[in-house]
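Student: This is my_file29.txt, which holds compact mmCIF, C-alpha atoms:
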# COMPACT_ATOMS: atom_id res chain seq x y z
CA MET A 1 75.09 6.70 -40.57
CA ILE A 2 77.63 9.41 -41.50
CA ARG A 3 81.24 8.53 -40.72
CA SER A 4 83.07 11.29 -38.89
CA SER A 5 85.69 11.15 -41.67
CA THR A 6 83.23 11.57 -44.56
CA ARG A 7 84.86 14.30 -46.66
CA LEU A 8 83.10 16.34 -49.32
CA LEU A 9 84.52 18.69 -51.95
CA LEU A 10 82.24 21.46 -53.21
CA VAL A 11 83.27 23.20 -56.45
CA ASP A 12 81.23 26.20 -57.65
CA ASP A 13 82.06 29.68 -58.93
CA GLU A 14 79.20 31.27 -56.93
CA PRO A 15 80.47 32.37 -53.48
CA ASN A 16 76.97 32.25 -51.98
CA ILE A 17 76.54 28.62 -53.05
CA LEU A 18 79.85 27.70 -51.41
CA ILE A 19 78.90 29.42 -48.16
CA VAL A 20 75.32 28.12 -47.93
CA PHE A 21 76.01 24.54 -49.02
CA LYS A 22 79.11 24.24 -46.85
CA GLY A 23 77.13 25.43 -43.84
CA GLN A 24 74.25 23.04 -44.48
CA LEU A 25 76.48 20.03 -45.07
CA SER A 26 78.75 20.81 -42.12
CA GLU A 27 75.72 20.97 -39.84
CA ASN A 28 74.95 17.40 -40.88
CA GLY A 29 78.35 16.09 -39.87
CA TYR A 30 80.29 16.23 -43.14
CA GLU A 31 83.78 17.65 -43.44
CA VAL A 32 83.57 20.07 -46.37
CA GLN A 33 86.26 21.71 -48.50
CA THR A 34 85.47 24.24 -51.22
CA ALA A 35 86.96 25.45 -54.50
CA SER A 36 85.74 28.24 -56.78
CA ASN A 37 86.85 26.67 -60.06
CA ALA A 38 87.64 23.32 -61.64
CA ARG A 39 91.41 23.87 -61.61
CA ASP A 40 91.50 24.38 -57.84
CA GLY A 41 89.11 21.46 -57.43
CA PHE A 42 91.42 19.21 -59.40
CA ALA A 43 94.41 20.29 -57.30
CA LEU A 44 92.56 19.32 -54.13
CA LEU A 45 91.50 15.97 -55.58
CA ALA A 46 95.09 15.28 -56.55
CA THR A 47 96.38 15.82 -53.01
CA GLN A 48 93.54 14.93 -50.63
CA ARG A 49 91.00 12.09 -50.22
CA PHE A 50 87.32 12.84 -50.72
CA ASP A 51 84.24 10.62 -50.48
CA LEU A 52 82.04 12.85 -52.62
CA LEU A 53 82.38 15.71 -55.09
CA ILE A 54 79.62 18.28 -55.63
CA VAL A 55 80.44 20.28 -58.74
CA ASP A 56 78.75 22.95 -60.84
CA LEU A 57 78.29 22.21 -64.53
CA LYS A 58 79.15 25.64 -65.92
CA MET A 59 82.08 27.65 -64.55
CA PRO A 60 84.66 30.02 -66.06
CA GLY A 61 87.58 28.03 -67.40
CA PRO A 62 87.32 24.23 -67.34
CA SER A 63 83.73 23.11 -66.78
CA GLY A 64 82.36 20.71 -64.23
CA LEU A 65 82.21 18.07 -66.96
CA ASN A 66 85.93 18.54 -67.59
CA LEU A 67 86.56 17.96 -63.89
CA ILE A 68 84.47 14.81 -63.45
CA GLU A 69 86.13 13.25 -66.50
CA ARG A 70 89.34 13.18 -64.46
CA VAL A 71 87.95 12.43 -61.00
CA HIS A 72 87.95 8.66 -61.34
CA GLN A 73 91.53 8.67 -62.58
CA LEU A 74 92.50 10.21 -59.25
CA GLN A 75 89.89 8.83 -56.85
CA PRO A 76 87.84 5.97 -58.34
CA LYS A 77 85.75 5.56 -55.18
CA CYS A 78 84.64 9.22 -55.05
CA ALA A 79 80.91 9.75 -55.60
CA ILE A 80 79.79 12.69 -57.77
CA VAL A 81 76.77 15.01 -57.61
CA MET A 82 76.55 17.59 -60.40
CA ILE A 83 74.54 20.80 -60.04
CA SER A 84 73.49 23.52 -62.48
CA ALA A 85 71.18 26.51 -62.79
CA ASN A 86 70.22 25.35 -66.27
CA ALA A 87 71.21 22.38 -68.35
CA ALA A 88 70.04 20.78 -71.57
CA ARG A 89 68.94 17.16 -71.49
CA GLU A 90 72.01 16.20 -73.50
CA GLN A 91 74.29 17.80 -70.88
CA ILE A 92 72.59 15.90 -68.08
CA ILE A 93 72.96 12.63 -69.97
CA ASP A 94 76.61 13.46 -70.68
CA ALA A 95 77.21 14.08 -66.97
CA PHE A 96 75.82 10.66 -66.08
CA ARG A 97 77.88 9.09 -68.84
CA LYS A 98 81.03 10.65 -67.44
CA GLY A 99 80.34 9.24 -63.98
CA ALA A 100 77.94 11.55 -62.12
CA ASP A 101 75.81 9.75 -59.55
CA ASP A 102 73.13 12.46 -59.43
CA PHE A 103 72.20 15.77 -61.06
CA LEU A 104 70.38 18.63 -59.31
CA LEU A 105 68.98 21.82 -60.83
CA LYS A 106 69.30 25.08 -58.91
CA PRO A 107 67.71 26.44 -56.80
CA ILE A 108 68.40 23.44 -54.56
CA THR A 109 66.68 23.06 -51.20
CA ARG A 110 68.44 21.78 -48.10
CA ASP A 111 66.45 18.54 -48.26
CA GLU A 112 67.23 17.99 -51.95
CA LEU A 113 70.94 18.48 -51.30
CA GLN A 114 71.02 16.18 -48.28
CA GLN A 115 69.05 13.46 -50.07
CA ALA A 116 71.28 13.59 -53.16
CA VAL A 117 74.44 13.41 -51.04
CA GLY A 118 73.04 10.50 -49.04
CA ARG A 119 71.98 8.58 -52.15
CA ALA A 120 75.32 9.07 -53.87
CA LEU A 121 77.34 8.02 -50.83
CA LEU A 122 75.15 4.97 -50.22
CA LYS A 123 75.28 3.87 -53.85
CA ARG A 124 79.05 4.23 -54.02
CA ALA A 125 79.49 2.43 -50.70
CA GLU A 126 77.43 -0.49 -51.99
CA THR A 127 79.45 -0.60 -55.20
CA ASN A 128 82.80 -0.38 -53.40
CA GLN A 129 81.96 -2.88 -50.67
CA HIS A 130 83.99 -6.05 -50.95
CA ILE A 131 81.52 -8.92 -50.80
CA ALA A 132 81.44 -12.35 -52.31
CA ASP A 133 79.02 -12.32 -55.20
CA PRO A 134 78.08 -15.81 -56.42
CA THR A 135 75.86 -14.40 -59.16
CA ALA A 136 78.62 -12.33 -60.79
CA PRO A 137 80.23 -13.92 -63.85
CA ALA A 138 83.70 -15.36 -63.33
CA THR A 139 84.64 -17.08 -66.54
CA SER A 140 87.85 -17.11 -68.56
CA ASP A 141 86.55 -14.39 -70.89
CA LEU A 142 84.58 -12.09 -68.55
CA VAL A 143 85.26 -11.46 -64.86
CA ILE A 144 83.29 -8.95 -62.78
CA ASP A 145 84.70 -8.13 -59.34
CA ALA A 146 82.02 -6.31 -57.34
CA GLY A 147 84.41 -5.51 -54.50
CA LYS A 148 87.21 -4.04 -56.59
CA HIS A 149 84.79 -2.38 -59.02
CA GLU A 150 86.69 -4.05 -61.85
CA VAL A 151 85.74 -5.81 -65.07
CA LEU A 152 88.21 -7.96 -67.00
CA TRP A 153 87.62 -9.08 -70.59
CA TYR A 154 90.05 -11.84 -71.55
CA GLY A 155 92.30 -10.61 -68.75
CA ARG A 156 92.26 -6.98 -69.84
CA PRO A 157 90.54 -4.33 -67.68
CA LEU A 158 87.62 -2.44 -69.18
CA ALA A 159 87.32 1.30 -68.57
CA LEU A 160 83.75 1.67 -67.31
CA THR A 161 82.04 4.57 -65.57
CA PRO A 162 80.37 3.78 -62.21
CA THR A 163 77.00 3.72 -63.95
CA GLU A 164 78.20 1.37 -66.68
CA PHE A 165 79.69 -0.96 -64.08
CA CYS A 166 76.45 -0.98 -62.10
CA LEU A 167 74.41 -1.67 -65.25
CA LEU A 168 76.67 -4.54 -66.28
CA LEU A 169 76.64 -6.07 -62.80
CA THR A 170 72.85 -5.75 -62.54
CA LEU A 171 72.33 -7.39 -65.93
CA ALA A 172 74.79 -10.14 -65.01
CA ARG A 173 72.91 -10.85 -61.81
CA ASN A 174 69.71 -11.10 -63.83
CA ALA A 175 71.12 -13.17 -66.69
CA GLY A 176 68.36 -14.67 -68.79
CA LYS A 177 65.78 -12.22 -67.46
CA SER A 178 64.29 -9.10 -69.01
CA VAL A 179 65.16 -6.05 -66.91
CA PRO A 180 63.02 -2.93 -67.62
CA PRO A 181 64.98 0.29 -68.29
CA ALA A 182 63.25 2.09 -65.42
CA LEU A 183 64.36 -0.64 -63.00
CA LEU A 184 67.95 -0.32 -64.19
CA ILE A 185 67.93 3.45 -63.66
CA GLU A 186 66.34 3.14 -60.22
CA HIS A 187 68.89 0.55 -59.15
CA CYS A 188 71.96 2.32 -60.55
CA ARG A 189 70.89 5.93 -60.01
CA GLY A 190 68.69 5.64 -56.95
CA TYR A 191 65.55 7.37 -58.18
CA PRO A 192 62.42 6.30 -60.12
CA THR A 193 61.86 7.34 -63.75
CA LYS A 194 59.36 6.76 -66.49
CA GLU A 195 60.25 4.08 -69.03
CA SER A 196 60.62 6.67 -71.81
CA GLU A 197 62.99 8.80 -69.72
CA ALA A 198 64.92 5.72 -68.57
CA ARG A 199 65.57 4.70 -72.18
CA ILE A 200 67.03 8.15 -72.88
CA LEU A 201 69.31 7.95 -69.82
CA LEU A 202 70.46 4.46 -70.75
CA LYS A 203 71.16 5.17 -74.42
CA PRO A 204 74.63 6.74 -73.91
CA HIS A 205 75.74 3.70 -71.94
CA ILE A 206 74.78 1.15 -74.56
CA ALA A 207 75.70 3.07 -77.70
CA SER A 208 78.61 1.66 -79.66
Give the structure from the file, written as structure tokens.

Tutor:
Amino acid sequence: MIRSSTRLLLVDDEPNILIVFKGQLSENGYEVQTASNARDGFALLATQRFDLLIVDLKMPGPSGLNLIERVHQLQPKCAIVMISANAAREQIIDAFRKGADDFLLKPITRDELQQAVGRALLKRAETNQHIADPTAPATSDLVIDAGKHEVLWYGRPLALTPTEFCLLLTLARNAGKSVPPALLIEHCRGYPTKESEARILLKPHIAS
């Protein structure tokens, strides 16, 4: 169910994208604000609350990647969907590493957009929900708080992206078990992948 206060920010340098996407999302009950570049998007994020950011990868000036790097400093509970007309595999992986919840390639259909927004909001809501989690570690050296989306290592907070937090929490809940890469991606990203693709998507999160 969509809350009446669910607020989305759409950042894209293409006027037609802003008009079409805003219309489609507004028809589905979302409150939508728009910005035509990353600088204006950042200004809105710094002064207003948003539940989800939809941002283009490539724009004049700061890129979408530059913007999402700073989103979670301002609004750690904001979900992120990145879009692009063309993107290399490395750029897609980098977007996920920086905190994107989904990545869509243009042209994007109404159904694809709505499904991606729904998945991202649901995943972030589950991550942000404050629930008692008896399977999460709570020792003197490692503490995972599923409600606060926080990980402490010897009392010091770890800076993790939403994906990295989800991966750590999932592995902690399955301690002693072998968890296939594809299952990790499906649980933390919300869509099925092949094992080979899942390993590629996971690699940036486990690299030293």

Student: How many Å lie between atom CA of A:Glu164 and atom CA of A:Asp56, rounded to one decimal?

Tutor: 22.4 Å

Student: Using all atoms listed in the file, which of the listed residues (A:Leu9, A:Ala159, A:Ile54, A:Ile93) sits closest to A:Leu201?

Tutor: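 Nearest to A:Leu201: A:Ile93.
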
Student: Can you work out the spacing between atom CA of A:Cys78 and atom CA of A:Arg7 in Å, to one decimal?

Tutor: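 For atom CA of A:Cys78 relative to atom CA of A:Arg7, the distance reads 9.8 Å.
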
Student: Quick one: distance from atom CA of A:Lys123 to atom CA of A:Asp13 in Å, one decimal?

Tutor: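 Distance between the two atoms: 27.2 Å.
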
Student: Please determine, counting all atoms listed in the file, which residue among A:Asp102, A:Glu90, A:Asp12, A:Asp40 has the shortest atom-to-atom distance to A:Arg189.

Tutor: A:Asp102

Student: Of the candidates A:Cys188, A:Leu44, A:Ala38, A:Leu10, which one gets nearest to A:Arg124 if we count all atoms listed in the file?

Tutor: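 With all atoms listed in the file as the atom set, the closest residue is A:Cys188.
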
Student: Have a look at A:Ala125, A:Leu160, A:Leu25, A:Ala175 and name the one nearest to A:His72; count only C-alpha atoms.

Tutor: A:Leu160

Student: Pick the closest to A:Gln33 from A:Lys58, A:Arg49, A:Arg89, A:Arg199: which is it, counting all atoms listed in the file?

Tutor: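 Of A:Lys58, A:Arg49, A:Arg89, A:Arg199, the one nearest A:Gln33 is A:Arg49, counting all atoms listed in the file.
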
Student: Need the shell around A:Ser5: protein/DNA/RNA residues with any atom at most 9 Å away, counting all atoms listed in the file. Skip same-chain ones fewer than 4 positions apart. Format as a list in words?

Tutor: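 Residues near the query, excluding close chain neighbours: Tyr30, Glu31 and Asp51 of chain A.
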
Student: Find, counting only C-alpha atoms, the residue in A:Phe21, A:Arg173, A:Glu27, A:Thr161 that gets nearest to A:Val71.

Tutor: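 Closest residue, counting only C-alpha atoms: A:Thr161.
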
Student: Please list as a count of residues only every residue within 9 Å of A:Val81, counting all atoms listed in the file and excluding residues in the same chain fewer than 5 positions away.

Tutor: 13

Student: Please extract stretch 56-196 of chain A and write it out with C-alpha atoms, as a short mmCIF file (atom, residue, chain, number, x, y, z; two decimals), in the first residue's frame.

Tutor:
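File selection_34.cif, as written:
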data_model
loop_
_atom_site.label_atom_id
_atom_site.label_comp_id
_atom_site.auth_asym_id
_atom_site.auth_seq_id
_atom_site.Cartn_x
_atom_site.Cartn_y
_atom_site.Cartn_z
CA ASP A 56 19.86 9.49 -14.28
CA LEU A 57 23.42 8.18 -14.49
CA LYS A 58 24.79 10.66 -17.01
CA MET A 59 23.96 14.37 -16.80
CA PRO A 60 25.86 17.60 -17.52
CA GLY A 61 27.84 18.61 -14.47
CA PRO A 62 27.89 16.21 -11.52
CA SER A 63 26.68 12.76 -12.52
CA GLY A 64 24.01 10.62 -10.95
CA LEU A 65 26.76 8.60 -9.29
CA ASN A 66 28.11 11.77 -7.69
CA LEU A 67 24.64 12.46 -6.30
CA ILE A 68 23.93 9.02 -4.84
CA GLU A 69 27.31 9.02 -3.11
CA ARG A 70 25.97 11.85 -0.94
CA VAL A 71 22.34 10.79 -0.58
CA HIS A 72 22.83 8.56 2.43
CA GLN A 73 24.77 11.27 4.25
CA LEU A 74 21.64 13.41 4.04
CA GLN A 75 18.83 10.84 4.07
CA PRO A 76 20.00 7.33 5.03
CA LYS A 77 16.50 5.86 4.67
CA CYS A 78 15.98 7.10 1.09
CA ALA A 79 15.74 4.34 -1.52
CA ILE A 80 17.51 4.83 -4.87
CA VAL A 81 16.65 3.77 -8.42
CA MET A 82 19.22 4.70 -11.07
CA ILE A 83 18.32 4.99 -14.76
CA SER A 84 20.38 5.36 -17.93
CA ALA A 85 20.08 5.20 -21.71
CA ASN A 86 23.35 3.27 -21.83
CA ALA A 87 25.71 2.05 -19.17
CA ALA A 88 28.69 -0.26 -19.01
CA ARG A 89 28.55 -3.23 -16.67
CA GLU A 90 31.18 -1.60 -14.47
CA GLN A 91 29.01 1.53 -14.10
CA ILE A 92 26.00 -0.55 -13.08
CA ILE A 93 28.07 -2.40 -10.50
CA ASP A 94 29.47 0.91 -9.24
CA ALA A 95 25.93 2.27 -8.85
CA PHE A 96 24.94 -0.70 -6.70
CA ARG A 97 28.11 -0.34 -4.69
CA LYS A 98 27.32 3.29 -3.98
CA GLY A 99 23.86 2.40 -2.69
CA ALA A 100 21.45 2.08 -5.63
CA ASP A 101 18.58 -0.32 -4.97
CA ASP A 102 17.80 -0.90 -8.66
CA PHE A 103 19.06 0.05 -12.12
CA LEU A 104 16.86 0.49 -15.21
CA LEU A 105 17.93 0.99 -18.82
CA LYS A 106 15.98 3.40 -21.01
CA PRO A 107 13.52 3.21 -22.68
CA ILE A 108 11.60 2.34 -19.52
CA THR A 109 7.98 1.20 -19.65
CA ARG A 110 5.37 2.32 -17.16
CA ASP A 111 5.26 -1.18 -15.66
CA GLU A 112 9.05 -1.39 -15.32
CA LEU A 113 9.14 1.97 -13.56
CA GLN A 114 6.31 1.13 -11.17
CA GLN A 115 7.78 -2.28 -10.33
CA ALA A 116 11.25 -0.85 -9.66
CA VAL A 117 9.82 1.88 -7.42
CA GLY A 118 7.70 -0.64 -5.54
CA ARG A 119 10.62 -3.04 -5.04
CA ALA A 120 12.96 -0.31 -3.83
CA LEU A 121 10.43 1.13 -1.38
CA LEU A 122 9.53 -2.30 -0.03
CA LYS A 123 13.16 -3.35 0.39
CA ARG A 124 14.07 -0.13 2.18
CA ALA A 125 10.99 -0.36 4.40
CA GLU A 126 11.96 -3.88 5.43
CA THR A 127 15.51 -2.76 6.16
CA ASN A 128 14.42 0.30 8.13
CA GLN A 129 11.69 -1.44 10.11
CA HIS A 130 12.52 -1.67 13.79
CA ILE A 131 11.99 -5.30 14.76
CA ALA A 132 13.60 -7.56 17.29
CA ASP A 133 15.94 -9.89 15.46
CA PRO A 134 17.09 -12.84 17.60
CA THR A 135 19.26 -14.19 14.79
CA ALA A 136 21.33 -11.00 14.40
CA PRO A 137 24.72 -11.06 16.13
CA ALA A 138 24.97 -9.02 19.33
CA THR A 139 28.38 -9.71 20.77
CA SER A 140 31.00 -7.44 22.28
CA ASP A 141 32.90 -7.23 18.98
CA LEU A 142 30.11 -7.16 16.36
CA VAL A 143 26.62 -5.73 16.79
CA ILE A 144 24.07 -5.57 13.96
CA ASP A 145 20.96 -3.48 14.61
CA ALA A 146 18.38 -4.31 11.92
CA GLY A 147 16.05 -1.53 13.05
CA LYS A 148 18.59 1.28 13.09
CA HIS A 149 20.41 -0.04 10.02
CA GLU A 150 23.63 0.13 12.01
CA VAL A 151 26.67 -2.11 12.43
CA LEU A 152 29.15 -1.64 15.26
CA TRP A 153 32.59 -3.26 15.30
CA TYR A 154 34.14 -3.04 18.77
CA GLY A 155 31.81 -0.13 19.45
CA ARG A 156 32.71 1.79 16.30
CA PRO A 157 30.13 2.24 13.51
CA LEU A 158 30.93 0.77 10.11
CA ALA A 159 30.10 2.78 6.98
CA LEU A 160 28.13 0.30 4.88
CA THR A 161 25.96 0.84 1.82
CA PRO A 162 22.37 -0.47 2.04
CA THR A 163 23.39 -3.47 -0.06
CA GLU A 164 26.41 -4.24 2.11
CA PHE A 165 24.27 -4.02 5.24
CA CYS A 166 21.68 -6.37 3.75
CA LEU A 167 24.37 -8.84 2.69
CA LEU A 168 25.96 -8.83 6.13
CA LEU A 169 22.62 -9.26 7.88
CA THR A 170 21.59 -12.08 5.55
CA LEU A 171 24.87 -13.92 6.07
CA ALA A 172 24.59 -13.41 9.83
CA ARG A 173 21.10 -14.87 9.85
CA ASN A 174 22.45 -17.88 7.95
CA ALA A 175 25.63 -18.34 9.99
CA GLY A 176 27.18 -21.72 9.35
CA LYS A 177 25.25 -22.20 6.12
CA SER A 178 26.34 -21.81 2.50
CA VAL A 179 24.32 -19.05 0.83
CA PRO A 180 24.44 -19.07 -3.02
CA PRO A 181 25.36 -15.72 -4.65
CA ALA A 182 22.12 -15.67 -6.65
CA LEU A 183 20.10 -16.02 -3.44
CA LEU A 184 21.97 -13.11 -1.87
CA ILE A 185 21.28 -10.87 -4.87
CA GLU A 186 17.62 -11.85 -4.99
CA HIS A 187 17.19 -11.15 -1.28
CA CYS A 188 19.11 -7.85 -1.22
CA ARG A 189 18.20 -6.55 -4.68
CA GLY A 190 14.78 -8.06 -5.21
CA TYR A 191 15.28 -9.75 -8.56
CA PRO A 192 16.58 -13.16 -9.74
CA THR A 193 19.97 -13.51 -11.45
CA LYS A 194 22.18 -16.25 -12.80
CA GLU A 195 24.96 -17.44 -10.50
CA SER A 196 27.64 -16.03 -12.83
#
